[in-house]
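Trainee: Contents of query.pdb (PDB, C-alpha atoms):
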ATOM      1  CA  MET A  24     115.360 114.653  -1.679
ATOM      2  CA  GLU A  25     117.693 112.920  -4.141
ATOM      3  CA  GLN A  26     121.371 113.886  -4.073
ATOM      4  CA  ASN A  27     123.443 114.349  -7.194
ATOM      5  CA  LYS A  28     125.739 111.343  -6.769
ATOM      6  CA  GLU A  29     128.616 112.986  -8.666
ATOM      7  CA  ASN A  30     128.720 115.958  -6.255
ATOM      8  CA  MET A  31     128.906 113.928  -3.050
ATOM      9  CA  MET A  32     132.032 114.253  -0.895
ATOM     10  CA  VAL A  33     132.985 110.708  -1.878
ATOM     11  CA  ALA A  34     131.496 110.147  -5.309
ATOM     12  CA  ALA A  35     129.334 107.114  -5.881
ATOM     13  CA  LEU A  36     130.951 104.445  -8.015
ATOM     14  CA  GLU A  37     129.894 104.329 -11.623
ATOM     15  CA  ASN A  38     131.529 100.902 -12.004
ATOM     16  CA  GLY A  39     133.576  99.000  -9.474
ATOM     17  CA  SER A  40     133.484  97.092  -6.207
ATOM     18  CA  VAL A  41     132.858  97.798  -2.545
ATOM     19  CA  ILE A  42     134.250  95.560   0.199
ATOM     20  CA  ASP A  43     132.263  96.153   3.364
ATOM     21  CA  HIS A  44     132.238  94.801   6.925
ATOM     22  CA  ILE A  45     136.015  94.448   7.048
ATOM     23  CA  PRO A  46     137.244  94.029  10.637
ATOM     24  CA  THR A  47     139.075  97.248  11.525
ATOM     25  CA  ASP A  48     142.242  95.371  12.482
ATOM     26  CA  LYS A  49     142.336  93.722   9.022
ATOM     27  CA  LEU A  50     141.567  96.749   6.823
ATOM     28  CA  PHE A  51     145.128  97.670   5.926
ATOM     29  CA  THR A  52     146.110  94.021   5.486
ATOM     30  CA  VAL A  53     143.307  93.756   2.919
ATOM     31  CA  ALA A  54     144.530  96.952   1.220
ATOM     32  CA  GLN A  55     148.043  95.493   1.053
ATOM     33  CA  LEU A  56     146.769  92.123  -0.224
ATOM     34  CA  LEU A  57     144.900  93.908  -3.029
ATOM     35  CA  GLN A  58     147.990  96.059  -3.776
ATOM     36  CA  LEU A  59     145.883  99.205  -3.584
ATOM     37  CA  SER A  60     148.964 101.425  -3.294
ATOM     38  CA  GLU A  61     149.645 100.542  -6.938
ATOM     39  CA  CYS A  62     146.061 101.040  -8.120
ATOM     40  CA  LYS A  63     145.630 103.786 -10.737
ATOM     41  CA  GLU A  64     141.852 104.021 -10.249
ATOM     42  CA  GLU A  65     140.014 105.903  -7.500
ATOM     43  CA  VAL A  66     140.199 104.093  -4.154
ATOM     44  CA  VAL A  67     138.388 105.028  -0.954
ATOM     45  CA  ILE A  68     139.525 103.402   2.295
ATOM     46  CA  ALA A  69     137.461 104.111   5.407
ATOM     47  CA  ASN A  70     138.088 102.730   8.871
ATOM     48  CA  ASN A  71     136.293 102.763  12.217
ATOM     49  CA  LEU A  72     132.895 103.382  10.642
ATOM     50  CA  LYS A  73     129.885 102.727  12.845
ATOM     51  CA  SER A  74     128.276  99.349  12.296
ATOM     52  CA  ASN A  75     125.199  97.789  13.870
ATOM     53  CA  VAL A  76     126.640  94.327  13.260
ATOM     54  CA  MET A  77     130.314  94.790  14.196
ATOM     55  CA  ASN A  78     130.352  97.969  16.303
ATOM     56  CA  LYS A  79     133.165  99.358  14.067
ATOM     57  CA  LYS A  80     134.087  98.311  10.552
ATOM     58  CA  GLY A  81     136.284  99.108   7.579
ATOM     59  CA  LEU A  82     135.223  99.676   3.970
ATOM     60  CA  ILE A  83     137.068  99.851   0.639
ATOM     61  CA  LYS A  84     135.607 101.244  -2.604
ATOM     62  CA  ILE A  85     137.566 100.644  -5.813
ATOM     63  CA  SER A  86     136.537 102.231  -9.091
ATOM     64  CA  GLY A  87     136.762  99.978 -12.151
ATOM     65  CA  LYS A  88     137.778  96.874 -10.142
ATOM     66  CA  PHE A  89     135.979  93.555 -10.366
ATOM     67  CA  PHE A  90     137.403  90.630  -8.390
ATOM     68  CA  SER A  91     138.380  87.198  -9.692
ATOM     69  CA  GLU A  92     137.327  84.093  -7.743
ATOM     70  CA  SER A  93     140.958  83.675  -6.640
ATOM     71  CA  GLU A  94     141.014  87.192  -5.170
ATOM     72  CA  ILE A  95     137.676  86.574  -3.469
ATOM     73  CA  SER A  96     139.026  83.339  -1.961
ATOM     74  CA  LYS A  97     142.040  85.202  -0.568
ATOM     75  CA  LEU A  98     139.726  87.781   0.951
ATOM     76  CA  ALA A  99     137.629  84.981   2.479
ATOM     77  CA  VAL A 100     140.698  83.446   4.141
ATOM     78  CA  LEU A 101     141.792  86.796   5.516
ATOM     79  CA  CYS A 102     138.346  88.080   6.535
ATOM     80  CA  PRO A 103     135.519  85.550   6.408
ATOM     81  CA  ASN A 104     132.042  87.102   6.209
ATOM     82  CA  ILE A 105     132.931  90.381   4.519
ATOM     83  CA  ARG A 106     130.425  91.736   2.018
ATOM     84  CA  LEU A 107     131.265  92.347  -1.614
ATOM     85  CA  THR A 108     129.100  94.637  -3.733
ATOM     86  CA  VAL A 109     129.562  95.022  -7.491
ATOM     87  CA  ILE A 110     128.420  98.346  -8.947
ATOM     88  CA  ARG A 111     127.570  98.883 -12.626
ATOM     89  CA  ASN A 112     126.209 102.197 -13.942
ATOM     90  CA  TYR A 113     125.787 103.531 -10.366
ATOM     91  CA  GLU A 114     123.503 100.598  -9.461
ATOM     92  CA  VAL A 115     124.094  97.513  -7.325
ATOM     93  CA  ALA A 116     124.565  94.660  -9.801
ATOM     94  CA  GLU A 117     125.533  91.997  -7.259
ATOM     95  CA  LYS A 118     125.814  91.784  -3.507
ATOM     96  CA  ARG A 119     127.150  88.795  -1.624
ATOM     97  CA  GLU A 120     128.646  87.720   1.633
ATOM     98  CA  VAL A 121     132.106  86.297   1.042
ATOM     99  CA  THR A 122     132.514  83.028   2.932
ATOM    100  CA  LEU A 123     135.317  80.538   3.137
ATOM    101  CA  PRO A 124     134.988  78.052   0.244
ATOM    102  CA  GLU A 125     135.046  74.266   0.751
ATOM    103  CA  SER A 126     138.472  74.041  -0.919
ATOM    104  CA  LEU A 127     141.272  76.436  -1.815
ATOM    105  CA  THR A 128     143.776  75.799  -4.594
ATOM    106  CA  ASN A 129     147.083  77.680  -4.623
ATOM    107  CA  ILE A 130     145.838  80.327  -2.161
ATOM    108  CA  VAL A 131     147.373  79.190   1.147
ATOM    109  CA  LYS A 132     150.942  78.132   1.960
ATOM    110  CA  CYS A 133     151.287  74.959   4.017
ATOM    111  CA  ALA A 134     152.888  75.494   7.438
ATOM    112  CA  ASN A 135     154.493  72.039   7.368
ATOM    113  CA  PRO A 136     158.081  72.559   6.121
ATOM    114  CA  VAL A 137     158.310  68.957   4.867
ATOM    115  CA  CYS A 138     155.001  69.076   2.958
ATOM    116  CA  ILE A 139     155.526  68.202  -0.693
ATOM    117  CA  THR A 140     154.003  71.561  -1.696
ATOM    118  CA  ASN A 141     156.925  73.331   0.000
ATOM    119  CA  ASN A 142     159.538  71.145  -1.699
ATOM    120  CA  GLU A 143     158.189  70.516  -5.187
ATOM    121  CA  PRO A 144     156.756  72.922  -7.784
ATOM    122  CA  MET A 145     153.085  72.130  -7.244
ATOM    123  CA  LYS A 146     149.911  73.892  -6.206
ATOM    124  CA  THR A 147     148.650  73.691  -2.657
ATOM    125  CA  VAL A 148     145.172  72.369  -1.973
ATOM    126  CA  PHE A 149     143.391  72.944   1.333
ATOM    127  CA  TYR A 150     140.001  71.773   2.468
ATOM    128  CA  ARG A 151     137.852  73.623   4.953
ATOM    129  CA  LYS A 152     137.558  71.539   8.114
ATOM    130  CA  ASP A 153     135.371  74.160   9.809
ATOM    131  CA  MET A 154     134.983  77.936   9.537
ATOM    132  CA  GLN A 155     138.283  78.516  11.388
ATOM    133  CA  THR A 156     140.466  75.582  10.226
ATOM    134  CA  LEU A 157     141.924  74.447   6.917
ATOM    135  CA  LYS A 158     143.548  71.057   6.255
ATOM    136  CA  CYS A 159     146.288  70.384   3.682
ATOM    137  CA  ARG A 160     145.310  67.760   1.132
ATOM    138  CA  TYR A 161     148.840  66.378   0.917
ATOM    139  CA  CYS A 162     150.237  66.212   4.458
ATOM    140  CA  GLY A 163     147.088  66.607   6.550
ATOM    141  CA  LYS A 164     148.451  69.592   8.490
ATOM    142  CA  GLU A 165     145.616  71.599  10.018
ATOM    143  CA  GLN A 166     145.971  75.361  10.214
ATOM    144  CA  ASN A 167     143.870  77.935  12.013
ATOM    145  CA  LEU A 168     142.832  80.876   9.810
ATOM    146  CA  LYS A 169     144.576  83.376  12.103
ATOM    147  CA  ASP A 170     147.911  81.585  11.446
ATOM    148  CA  ILE A 171     147.545  81.187   7.663
ATOM    149  CA  LYS A 172     150.061  82.592   5.224
ATOM    150  CA  LEU A 173     148.765  83.371   1.753
ATOM    151  CA  LYS A 174     150.786  82.443  -1.329
TER     152      LYS A 174
END
Now that the file is in, can you turn its structure into structure tokens?
Mentor:
Amino acid sequence: MEQNKENMMVAALENGSVIDHIPTDKLFTVAQLLQLSECKEEVVIANNLKSNVMNKKGLIKISGKFFSESEISKLAVLCPNIRLTVIRNYEVAEKREVTLPESLTNIVKCANPVCITNNEPMKTVFYRKDMQTLKCRYCGKEQNLKDIKLK
């Protein structure tokens, strides 16, 4: 039996994005990163949902929002392996697992206080050493993802 999507408790998105498989301890950090408190569109934030993969997970649905590659990179640094679904006309237009890219430009702040990027007006560049470590292009400082500060 097909449900009328507009009469569901949480309406299906006509157009927008869904971020799924967010670790429950990172959900509100993601909401803050995306500045959802300032969003004028409909936003659904759900936490501690049952998940076969993660046991518990968080989910965010944002009406009318489509993410730039820069925003997706920030999400990947904060929560590698989340899933991003793009909805258009109530249908899934794109679905992908967000993974940490090979390089990040102007996304992460270098932890080395004497790094040139902290003392000159220039963009940071980090390379992925492995799935948990980034390395600064300029000073070589390695940083674990859990210790990263976003710009």
Trainee: With distances taken over all atoms listed in the file, which residue among A:Met145, A:Val137, A:Phe51, A:Thr128 lies nearest Lys158 of chain A?
Mentor: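 Among the listed residues, A:Thr128 lies closest to Lys158 of chain A.
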Trainee: Which residues would end up in the selection if the PyMOL selection byres ((chain A and resi 65-70) around 7) were applied here, given that I need the answer as a compact mmCIF listing (two decimals) with C-alpha atoms, in the frame of the given file?
Mentor:
# COMPACT_ATOMS: atom_id res chain seq x y z
CA THR A 47 139.07 97.25 11.52
CA LYS A 63 145.63 103.79 -10.74
CA GLU A 64 141.85 104.02 -10.25
CA ASN A 71 136.29 102.76 12.22
CA LEU A 72 132.90 103.38 10.64
CA LYS A 80 134.09 98.31 10.55
CA GLY A 81 136.28 99.11 7.58
CA LEU A 82 135.22 99.68 3.97
CA ILE A 83 137.07 99.85 0.64
CA LYS A 84 135.61 101.24 -2.60
CA ILE A 85 137.57 100.64 -5.81
CA SER A 86 136.54 102.23 -9.09
Trainee: Give me the residues within 8 Å of Ile105 of chain A as a list in words, counting all atoms listed in the file and dropping any in the same chain fewer than 4 places off.
Mentor: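 Non-adjacent residues within range: Ile42, Asp43, His44, Ile45, Ala99, Glu120, Val121 and Thr122 of chain A.
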Trainee: Here is a test: counting only C-alpha atoms, which residue of A:Asn38, A:Asn104, A:Ser96, A:Ser60 is nearest to Met77 of chain A?
Mentor: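 The answer is A:Asn104, which sits nearest to Met77 of chain A.
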Trainee: Check the smallest atom-to-atom distance from each of A:Asn141, A:Asn78, A:Thr147, A:Ser126 to Val100 of chain A using only C-alpha atoms, then report the winner.
Mentor: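 With only C-alpha atoms as the atom set, the closest residue is A:Ser126.
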